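> If it helps, the file is called target29.pdb and holds PDB, C-alpha atoms:
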ATOM      1  CA  MET A   1       0.000   0.000   0.000  1.00  0.00           C
ATOM      2  CA  SER A   2       1.470   3.355  -1.027  1.00  0.00           C
ATOM      3  CA  ASP A   3       1.816   6.234   1.359  1.00  0.00           C
ATOM      4  CA  ASP A   4       0.362   9.415  -0.146  1.00  0.00           C
ATOM      5  CA  THR A   5       0.982  11.624   2.888  1.00  0.00           C
ATOM      6  CA  TRP A   6       4.181  12.942   1.321  1.00  0.00           C
ATOM      7  CA  GLY A   7       2.058  14.755  -1.271  1.00  0.00           C
ATOM      8  CA  ALA A   8       0.225  16.837   1.306  1.00  0.00           C
ATOM      9  CA  GLU A   9       3.496  17.730   2.979  1.00  0.00           C
ATOM     10  CA  PHE A  10       5.152  18.625  -0.329  1.00  0.00           C
ATOM     11  CA  PHE A  11       2.401  21.072  -1.287  1.00  0.00           C
ATOM     12  CA  ARG A  12       2.026  22.546   2.198  1.00  0.00           C
ATOM     13  CA  ILE A  13       2.232  26.362   2.058  1.00  0.00           C
ATOM     14  CA  PRO A  14       4.498  27.683   4.829  1.00  0.00           C
ATOM     15  CA  ASP A  15       2.895  30.163   7.214  1.00  0.00           C
ATOM     16  CA  ILE A  16       4.818  33.409   6.712  1.00  0.00           C
ATOM     17  CA  ALA A  17       2.066  35.802   7.789  1.00  0.00           C
ATOM     18  CA  TRP A  18       4.089  36.600  10.934  1.00  0.00           C
ATOM     19  CA  GLN A  19       6.722  38.304   8.769  1.00  0.00           C
ATOM     20  CA  THR A  20       4.407  41.255   8.090  1.00  0.00           C
ATOM     21  CA  GLN A  21       2.954  41.488  11.600  1.00  0.00           C
ATOM     22  CA  ALA A  22       3.467  44.922  13.122  1.00  0.00           C
ATOM     23  CA  PRO A  23       5.768  45.130  16.167  1.00  0.00           C
ATOM     24  CA  PRO A  24       4.443  46.316  19.542  1.00  0.00           C
ATOM     25  CA  ASP A  25       3.789  49.900  20.556  1.00  0.00           C
ATOM     26  CA  ARG A  26       6.643  51.411  22.594  1.00  0.00           C
ATOM     27  CA  HIS A  27       6.260  53.264  25.908  1.00  0.00           C
ATOM     28  CA  ALA A  28       8.803  55.551  27.562  1.00  0.00           C
ATOM     29  CA  ILE A  29       9.509  54.283  31.098  1.00  0.00           C
ATOM     30  CA  PRO A  30      11.434  56.470  33.587  1.00  0.00           C
ATOM     31  CA  ALA A  31      14.892  54.929  33.971  1.00  0.00           C
ATOM     32  CA  ARG A  32      14.665  55.110  37.770  1.00  0.00           C
ATOM     33  CA  TYR A  33      11.847  52.527  37.655  1.00  0.00           C
ATOM     34  CA  ILE A  34      13.778  49.994  35.554  1.00  0.00           C
ATOM     35  CA  PRO A  35      15.802  47.664  37.809  1.00  0.00           C
ATOM     36  CA  ASP A  36      17.589  45.788  35.033  1.00  0.00           C
ATOM     37  CA  LEU A  37      19.226  48.606  33.100  1.00  0.00           C
ATOM     38  CA  ALA A  38      22.417  47.277  31.539  1.00  0.00           C
ATOM     39  CA  THR A  39      25.399  48.689  29.722  1.00  0.00           C
ATOM     40  CA  GLY A  40      24.468  49.158  26.077  1.00  0.00           C
ATOM     41  CA  ASP A  41      20.788  49.899  26.734  1.00  0.00           C
ATOM     42  CA  GLU A  42      19.374  52.714  24.638  1.00  0.00           C
ATOM     43  CA  LEU A  43      18.023  55.722  26.522  1.00  0.00           C
ATOM     44  CA  THR A  44      16.179  58.931  25.776  1.00  0.00           C
ATOM     45  CA  ILE A  45      17.443  61.870  27.823  1.00  0.00           C
ATOM     46  CA  GLY A  46      16.243  65.421  28.107  1.00  0.00           C
ATOM     47  CA  LEU A  47      15.278  68.429  30.108  1.00  0.00           C
ATOM     48  CA  PRO A  48      11.520  68.177  30.772  1.00  0.00           C
ATOM     49  CA  GLY A  49       9.702  71.072  29.180  1.00  0.00           C
ATOM     50  CA  LYS A  50      12.573  71.840  26.807  1.00  0.00           C
ATOM     51  CA  TYR A  51      13.889  68.964  24.654  1.00  0.00           C
ATOM     52  CA  PHE A  52      14.681  65.256  24.310  1.00  0.00           C
ATOM     53  CA  ILE A  53      17.631  63.403  22.749  1.00  0.00           C
ATOM     54  CA  ASP A  54      16.928  59.870  21.529  1.00  0.00           C
ATOM     55  CA  GLY A  55      19.321  57.018  20.930  1.00  0.00           C
ATOM     56  CA  GLN A  56      21.797  57.631  23.755  1.00  0.00           C
ATOM     57  CA  ILE A  57      23.604  54.611  25.239  1.00  0.00           C
ATOM     58  CA  LEU A  58      24.097  53.640  28.881  1.00  0.00           C
ATOM     59  CA  ALA A  59      27.892  53.453  29.083  1.00  0.00           C
ATOM     60  CA  ARG A  60      28.312  52.362  32.714  1.00  0.00           C
ATOM     61  CA  THR A  61      26.204  50.506  35.248  1.00  0.00           C
ATOM     62  CA  ASP A  62      27.488  52.427  38.263  1.00  0.00           C
ATOM     63  CA  ARG A  63      26.010  55.793  39.187  1.00  0.00           C
ATOM     64  CA  SER A  64      27.405  59.129  40.189  1.00  0.00           C
ATOM     65  CA  SER A  65      26.041  62.595  40.914  1.00  0.00           C
ATOM     66  CA  THR A  66      25.942  65.688  38.759  1.00  0.00           C
ATOM     67  CA  THR A  67      24.833  69.300  38.788  1.00  0.00           C
ATOM     68  CA  LEU A  68      23.461  70.796  35.605  1.00  0.00           C
ATOM     69  CA  PRO A  69      24.859  74.155  34.441  1.00  0.00           C
ATOM     70  CA  GLY A  70      23.046  77.026  36.082  1.00  0.00           C
ATOM     71  CA  GLN A  71      21.505  74.803  38.771  1.00  0.00           C
ATOM     72  CA  GLY A  72      22.628  74.214  42.330  1.00  0.00           C
ATOM     73  CA  GLU A  73      20.785  70.954  42.948  1.00  0.00           C
ATOM     74  CA  THR A  74      22.760  67.713  42.834  1.00  0.00           C
ATOM     75  CA  HIS A  75      21.174  64.781  40.978  1.00  0.00           C
ATOM     76  CA  GLU A  76      21.822  61.046  40.932  1.00  0.00           C
ATOM     77  CA  ALA A  77      23.238  60.439  37.471  1.00  0.00           C
ATOM     78  CA  LEU A  78      23.830  57.814  34.787  1.00  0.00           C
ATOM     79  CA  GLY A  79      26.875  57.588  32.503  1.00  0.00           C
ATOM     80  CA  ILE A  80      25.545  58.355  29.010  1.00  0.00           C
ATOM     81  CA  ALA A  81      27.383  58.181  25.684  1.00  0.00           C
ATOM     82  CA  ALA A  82      26.427  58.924  22.100  1.00  0.00           C
ATOM     83  CA  PRO A  83      26.121  55.717  20.028  1.00  0.00           C
ATOM     84  CA  PHE A  84      29.121  56.619  17.878  1.00  0.00           C
ATOM     85  CA  ALA A  85      31.337  57.047  20.967  1.00  0.00           C
ATOM     86  CA  TYR A  86      29.996  53.904  22.637  1.00  0.00           C
ATOM     87  CA  TRP A  87      30.535  51.518  19.717  1.00  0.00           C
ATOM     88  CA  LEU A  88      33.891  53.038  18.860  1.00  0.00           C
ATOM     89  CA  ALA A  89      35.091  52.419  22.424  1.00  0.00           C
ATOM     90  CA  LYS A  90      33.720  48.861  22.344  1.00  0.00           C
ATOM     91  CA  THR A  91      35.776  48.138  19.233  1.00  0.00           C
ATOM     92  CA  PHE A  92      38.893  50.073  20.266  1.00  0.00           C
ATOM     93  CA  PRO A  93      38.976  49.960  24.114  1.00  0.00           C
ATOM     94  CA  ARG A  94      42.340  51.701  24.304  1.00  0.00           C
ATOM     95  CA  ALA A  95      40.795  54.795  22.730  1.00  0.00           C
ATOM     96  CA  GLY A  96      38.591  55.339  25.802  1.00  0.00           C
ATOM     97  CA  ILE A  97      35.027  56.607  25.749  1.00  0.00           C
ATOM     98  CA  THR A  98      33.540  60.095  25.734  1.00  0.00           C
ATOM     99  CA  MET A  99      30.511  60.227  28.015  1.00  0.00           C
ATOM    100  CA  GLN A 100      28.657  62.523  30.376  1.00  0.00           C
ATOM    101  CA  TRP A 101      26.786  62.103  33.645  1.00  0.00           C
ATOM    102  CA  TRP A 102      23.104  62.805  33.122  1.00  0.00           C
ATOM    103  CA  PRO A 103      20.391  63.073  35.823  1.00  0.00           C
ATOM    104  CA  LEU A 104      18.636  59.755  36.362  1.00  0.00           C
ATOM    105  CA  ALA A 105      15.322  61.574  36.791  1.00  0.00           C
ATOM    106  CA  GLN A 106      15.674  62.930  33.257  1.00  0.00           C
ATOM    107  CA  ALA A 107      16.275  59.645  31.471  1.00  0.00           C
ATOM    108  CA  TRP A 108      13.815  57.182  29.969  1.00  0.00           C
ATOM    109  CA  ALA A 109      14.020  53.801  28.264  1.00  0.00           C
ATOM    110  CA  TYR A 110      11.469  52.648  25.712  1.00  0.00           C
ATOM    111  CA  ARG A 111       9.884  49.259  26.321  1.00  0.00           C
ATOM    112  CA  ASP A 112       7.436  47.178  24.281  1.00  0.00           C
ATOM    113  CA  ALA A 113       3.800  47.114  25.271  1.00  0.00           C
ATOM    114  CA  VAL A 114       2.889  43.766  26.823  1.00  0.00           C
ATOM    115  CA  ALA A 115      -0.367  41.859  26.958  1.00  0.00           C
ATOM    116  CA  PRO A 116      -2.417  42.622  30.102  1.00  0.00           C
ATOM    117  CA  GLY A 117      -1.903  39.940  32.726  1.00  0.00           C
ATOM    118  CA  SER A 118       0.972  38.367  30.831  1.00  0.00           C
ATOM    119  CA  ASP A 119       3.182  36.263  33.121  1.00  0.00           C
ATOM    120  CA  ASP A 120       6.206  36.349  30.845  1.00  0.00           C
ATOM    121  CA  ASP A 121       5.957  39.984  29.731  1.00  0.00           C
ATOM    122  CA  ALA A 122       5.637  38.813  26.137  1.00  0.00           C
ATOM    123  CA  PRO A 123       5.299  41.750  23.722  1.00  0.00           C
ATOM    124  CA  VAL A 124       1.866  42.158  22.176  1.00  0.00           C
ATOM    125  CA  ALA A 125       1.750  42.893  18.481  1.00  0.00           C
ATOM    126  CA  SER A 126       0.223  46.181  17.413  1.00  0.00           C
ATOM    127  CA  PRO A 127      -2.803  46.131  15.139  1.00  0.00           C
ATOM    128  CA  ALA A 128      -2.251  47.312  11.616  1.00  0.00           C
ATOM    129  CA  PRO A 129      -3.028  51.048  11.282  1.00  0.00           C
ATOM    130  CA  PRO A 130      -6.669  51.135  10.055  1.00  0.00           C
ATOM    131  CA  ALA A 131      -6.729  54.741   8.940  1.00  0.00           C
ATOM    132  CA  PRO A 132      -5.539  55.634   5.427  1.00  0.00           C
ATOM    133  CA  PRO A 133      -2.755  58.219   5.079  1.00  0.00           C
ATOM    134  CA  GLY A 134      -4.018  61.723   5.692  1.00  0.00           C
ATOM    135  CA  ALA A 135      -7.131  60.612   7.611  1.00  0.00           C
ATOM    136  CA  LEU A 136      -5.799  62.059  10.870  1.00  0.00           C
ATOM    137  CA  SER A 137      -4.813  65.650  11.429  1.00  0.00           C
ATOM    138  CA  TRP A 138      -1.199  66.492  12.213  1.00  0.00           C
ATOM    139  CA  LEU A 139      -2.642  68.347  15.210  1.00  0.00           C
ATOM    140  CA  ASP A 140      -3.208  64.963  16.858  1.00  0.00           C
ATOM    141  CA  GLY A 141       0.534  64.877  17.544  1.00  0.00           C
ATOM    142  CA  VAL A 142       0.662  68.282  19.242  1.00  0.00           C
ATOM    143  CA  ARG A 143       1.207  68.021  22.997  1.00  0.00           C
ATOM    144  CA  SER A 144       0.339  70.392  25.809  1.00  0.00           C
ATOM    145  CA  SER A 145       3.720  69.939  27.508  1.00  0.00           C
ATOM    146  CA  LEU A 146       7.127  68.268  27.149  1.00  0.00           C
ATOM    147  CA  THR A 147       7.310  66.476  30.478  1.00  0.00           C
ATOM    148  CA  GLU A 148       8.107  63.025  29.054  1.00  0.00           C
ATOM    149  CA  PRO A 149       8.776  61.370  25.677  1.00  0.00           C
ATOM    150  CA  PRO A 150       5.702  60.221  23.749  1.00  0.00           C
ATOM    151  CA  MET A 151       4.431  56.715  23.161  1.00  0.00           C
ATOM    152  CA  ARG A 152       5.500  55.443  19.746  1.00  0.00           C
ATOM    153  CA  ARG A 153       3.473  53.411  17.299  1.00  0.00           C
ATOM    154  CA  PRO A 154       4.809  51.264  14.452  1.00  0.00           C
ATOM    155  CA  ARG A 155       4.229  52.116  10.815  1.00  0.00           C
ATOM    156  CA  PRO A 156       5.189  50.192   7.684  1.00  0.00           C
ATOM    157  CA  ALA A 157       8.568  51.388   6.464  1.00  0.00           C
ATOM    158  CA  ARG A 158       7.126  51.913   3.003  1.00  0.00           C
ATOM    159  CA  GLU A 159       5.261  54.938   4.406  1.00  0.00           C
ATOM    160  CA  ALA A 160       8.496  56.712   5.281  1.00  0.00           C
ATOM    161  CA  GLY A 161       9.556  59.466   2.938  1.00  0.00           C
ATOM    162  CA  ALA A 162      13.163  58.256   3.101  1.00  0.00           C
ATOM    163  CA  LEU A 163      14.803  55.356   4.939  1.00  0.00           C
ATOM    164  CA  THR A 164      18.562  55.871   4.738  1.00  0.00           C
ATOM    165  CA  GLY A 165      19.922  56.330   8.266  1.00  0.00           C
ATOM    166  CA  ARG A 166      16.617  55.473   9.965  1.00  0.00           C
ATOM    167  CA  THR A 167      16.195  52.788  12.612  1.00  0.00           C
ATOM    168  CA  VAL A 168      13.867  50.010  11.448  1.00  0.00           C
ATOM    169  CA  ARG A 169      12.502  46.886  13.079  1.00  0.00           C
ATOM    170  CA  LEU A 170      11.687  43.459  11.700  1.00  0.00           C
ATOM    171  CA  GLN A 171      10.449  40.159  13.054  1.00  0.00           C
ATOM    172  CA  HIS A 172      13.266  37.686  12.375  1.00  0.00           C
ATOM    173  CA  GLU A 173      11.322  34.739  13.796  1.00  0.00           C
ATOM    174  CA  PRO A 174       7.802  34.421  15.218  1.00  0.00           C
ATOM    175  CA  GLY A 175       7.543  36.647  18.282  1.00  0.00           C
ATOM    176  CA  ALA A 176      11.139  37.933  18.101  1.00  0.00           C
ATOM    177  CA  TRP A 177      11.965  41.386  16.730  1.00  0.00           C
ATOM    178  CA  SER A 178      15.348  42.927  16.014  1.00  0.00           C
ATOM    179  CA  TRP A 179      16.645  46.457  15.358  1.00  0.00           C
ATOM    180  CA  TRP A 180      18.540  47.578  12.261  1.00  0.00           C
ATOM    181  CA  ILE A 181      19.564  50.785  10.505  1.00  0.00           C
ATOM    182  CA  ALA A 182      18.700  51.293   6.860  1.00  0.00           C
ATOM    183  CA  VAL A 183      21.678  52.178   4.676  1.00  0.00           C
ATOM    184  CA  SER A 184      19.783  52.445   1.399  1.00  0.00           C
ATOM    185  CA  GLU A 185      16.443  53.403  -0.057  1.00  0.00           C
ATOM    186  CA  PRO A 186      14.089  50.696  -1.362  1.00  0.00           C
ATOM    187  CA  VAL A 187      15.434  49.128  -4.566  1.00  0.00           C
ATOM    188  CA  ASP A 188      13.464  47.018  -7.051  1.00  0.00           C
ATOM    189  CA  ILE A 189      15.637  44.124  -8.205  1.00  0.00           C
ATOM    190  CA  ASP A 190      13.867  41.687 -10.507  1.00  0.00           C
ATOM    191  CA  GLY A 191      10.512  42.447  -8.936  1.00  0.00           C
ATOM    192  CA  GLU A 192      11.647  42.179  -5.296  1.00  0.00           C
ATOM    193  CA  ILE A 193      11.760  45.460  -3.390  1.00  0.00           C
ATOM    194  CA  THR A 194      14.477  45.354  -0.747  1.00  0.00           C
ATOM    195  CA  VAL A 195      16.323  47.700   1.601  1.00  0.00           C
ATOM    196  CA  ARG A 196      19.913  47.175   2.686  1.00  0.00           C
ATOM    197  CA  LEU A 197      20.333  47.099   6.483  1.00  0.00           C
ATOM    198  CA  MET A 198      23.152  47.087   9.012  1.00  0.00           C
ATOM    199  CA  GLN A 199      23.179  46.192  12.687  1.00  0.00           C
ATOM    200  CA  PRO A 200      23.476  49.401  14.760  1.00  0.00           C
ATOM    201  CA  GLU A 201      27.005  48.696  15.995  1.00  0.00           C
ATOM    202  CA  HIS A 202      28.244  48.092  12.448  1.00  0.00           C
ATOM    203  CA  TYR A 203      26.480  51.198  11.174  1.00  0.00           C
ATOM    204  CA  TRP A 204      28.129  53.507  13.688  1.00  0.00           C
ATOM    205  CA  LEU A 205      31.545  52.002  13.074  1.00  0.00           C
ATOM    206  CA  THR A 206      31.232  52.739   9.360  1.00  0.00           C
ATOM    207  CA  GLN A 207      31.295  56.423  10.316  1.00  0.00           C
ATOM    208  CA  VAL A 208      35.001  56.035  11.097  1.00  0.00           C
ATOM    209  CA  LEU A 209      36.111  52.837   9.333  1.00  0.00           C
ATOM    210  CA  TYR A 210      34.350  53.335   5.976  1.00  0.00           C
ATOM    211  CA  GLU A 211      34.154  49.584   5.499  1.00  0.00           C
ATOM    212  CA  THR A 212      33.020  47.898   2.330  1.00  0.00           C
ATOM    213  CA  ASP A 213      29.492  46.610   1.841  1.00  0.00           C
ATOM    214  CA  GLY A 214      30.158  43.298   3.577  1.00  0.00           C
ATOM    215  CA  ARG A 215      28.295  44.362   6.721  1.00  0.00           C
ATOM    216  CA  SER A 216      24.962  45.161   5.046  1.00  0.00           C
ATOM    217  CA  GLN A 217      22.302  42.786   3.821  1.00  0.00           C
ATOM    218  CA  PRO A 218      19.089  43.155   1.804  1.00  0.00           C
ATOM    219  CA  VAL A 219      15.726  42.610   3.506  1.00  0.00           C
ATOM    220  CA  PRO A 220      12.298  42.775   1.823  1.00  0.00           C
ATOM    221  CA  LEU A 221      10.673  46.167   2.377  1.00  0.00           C
ATOM    222  CA  HIS A 222       7.323  44.660   3.413  1.00  0.00           C
ATOM    223  CA  ARG A 223       8.924  43.162   6.542  1.00  0.00           C
ATOM    224  CA  LEU A 224      10.245  46.463   7.914  1.00  0.00           C
ATOM    225  CA  PHE A 225       8.632  48.935  10.304  1.00  0.00           C
ATOM    226  CA  ILE A 226       9.511  52.372  11.648  1.00  0.00           C
ATOM    227  CA  TYR A 227       8.228  54.114  14.783  1.00  0.00           C
ATOM    228  CA  SER A 228       6.573  57.512  14.922  1.00  0.00           C
TER     229      SER A 228
END
Could I get this file's structure written as structure tokens?


Amino acid sequence: MSDDTWGAEFFRIPDIAWQTQAPPDRHAIPARYIPDLATGDELTIGLPGKYFIDGQILARTDRSSTTLPGQGETHEALGIAAPFAYWLAKTFPRAGITMQWWPLAQAWAYRDAVAPGSDDDAPVASPAPPAPPGALSWLDGVRSSLTEPPMRRPRPAREAGALTGRTVRLQHEPGAWSWWIAVSEPVDIDGEITVRLMQPEHYWLTQVLYETDGRSQPVPLHRLFIYS
């Protein structure tokens, strides 16, 4: 008796719907409430009511104290470095690192939204944006104050006006997202639209090493998301 089960397996269509699933929303959490901050974590710093600087890196796990210019109050502080300085020092330790002590109370770390009641803090995927472009007013993004960084929602990368130099996110396996930096615009090659990406540490090192293209790789545009 012949076994025909191989036929069903041969024609099985792999489930790749997860590749286009939007990543979770991102919330800014005050750094003082995050017990597991580690060297290399990305932070947003700023002076509430004035400005914010994204993409800064926690350079040291120990803490110090600092006084901001023009202020007499002493603050508990974190050692913060720009990403270029951090990754350069990681690659060339003898060069040292340029960093500054920044008030802990004025630092935030973005974290994925999680499902309510989740025991394992598993990220919850964001629903696809239902509204067509232009349906919402730009006034919806205007805030009454600058006391903390805003929540960020994912958008398909194809909606970005330009991608080169922007941080993008993709799901590299079901339930697991990773961060990249786009080093090209979308390119149509034989009907497949791709964007060349680099890992953040490689991207920042290219600013000084000017390496060849060996560090970048093409990824289909439909799998990439940006945050806004």

> Since I can't run it myself right now, could you work out what the PyMOL selection byres ((chain A and resi 106) around 8) selects here and report it as a ChimeraX atom specification?

/A:30,45-48,102-105,107-108

> Between A:Ala81, A:Val168, A:Ile226, A:Ala59, which has the minimum distance to Gly40 of chain A (counting all atoms listed in the file)?

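Nearest to Gly40 of chain A: A:Ala59.
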
> Pick the closest to Ile181 of chain A from A:Gln217, A:Leu146, A:Gly72, A:Arg158: which is it, counting all atoms listed in the file?

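Comparing A:Gln217, A:Leu146, A:Gly72, A:Arg158 against Ile181 of chain A, the winner is A:Gln217.
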
> On this structure, which residues satisfy the PyMOL selection byres ((chain A and resi 27) around 9), written as a list in words?

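Applied to this file, the PyMOL selection byres ((chain A and resi 27) around 9) selects Asp25, Arg26, Ala28, Ile29, Ala109, Tyr110, Arg111, Asp112, Ala113, Pro149, Pro150, Met151 and Arg152 of chain A.
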
> Quote the spacing between atom CA of Glu201 of chain A and atom CA of Thr91 of chain A in Å to one decimal place.

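Computing it gives 9.4 Å between the two atoms.
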
> Please enumerate the residues selected by the PyMOL selection byres ((chain A and resi 206) around 12) when evaluated against the supplied file, formatted as a ChimeraX atom specification.

/A:84,87-88,91,165,181,183,198-205,207-216

> Could you work out how far atom CA of Gly49 of chain A lies from atom CA of Ala31 of chain A, giving the answer in Å with one decimal?

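Here the two named atoms are 17.6 Å from each other.
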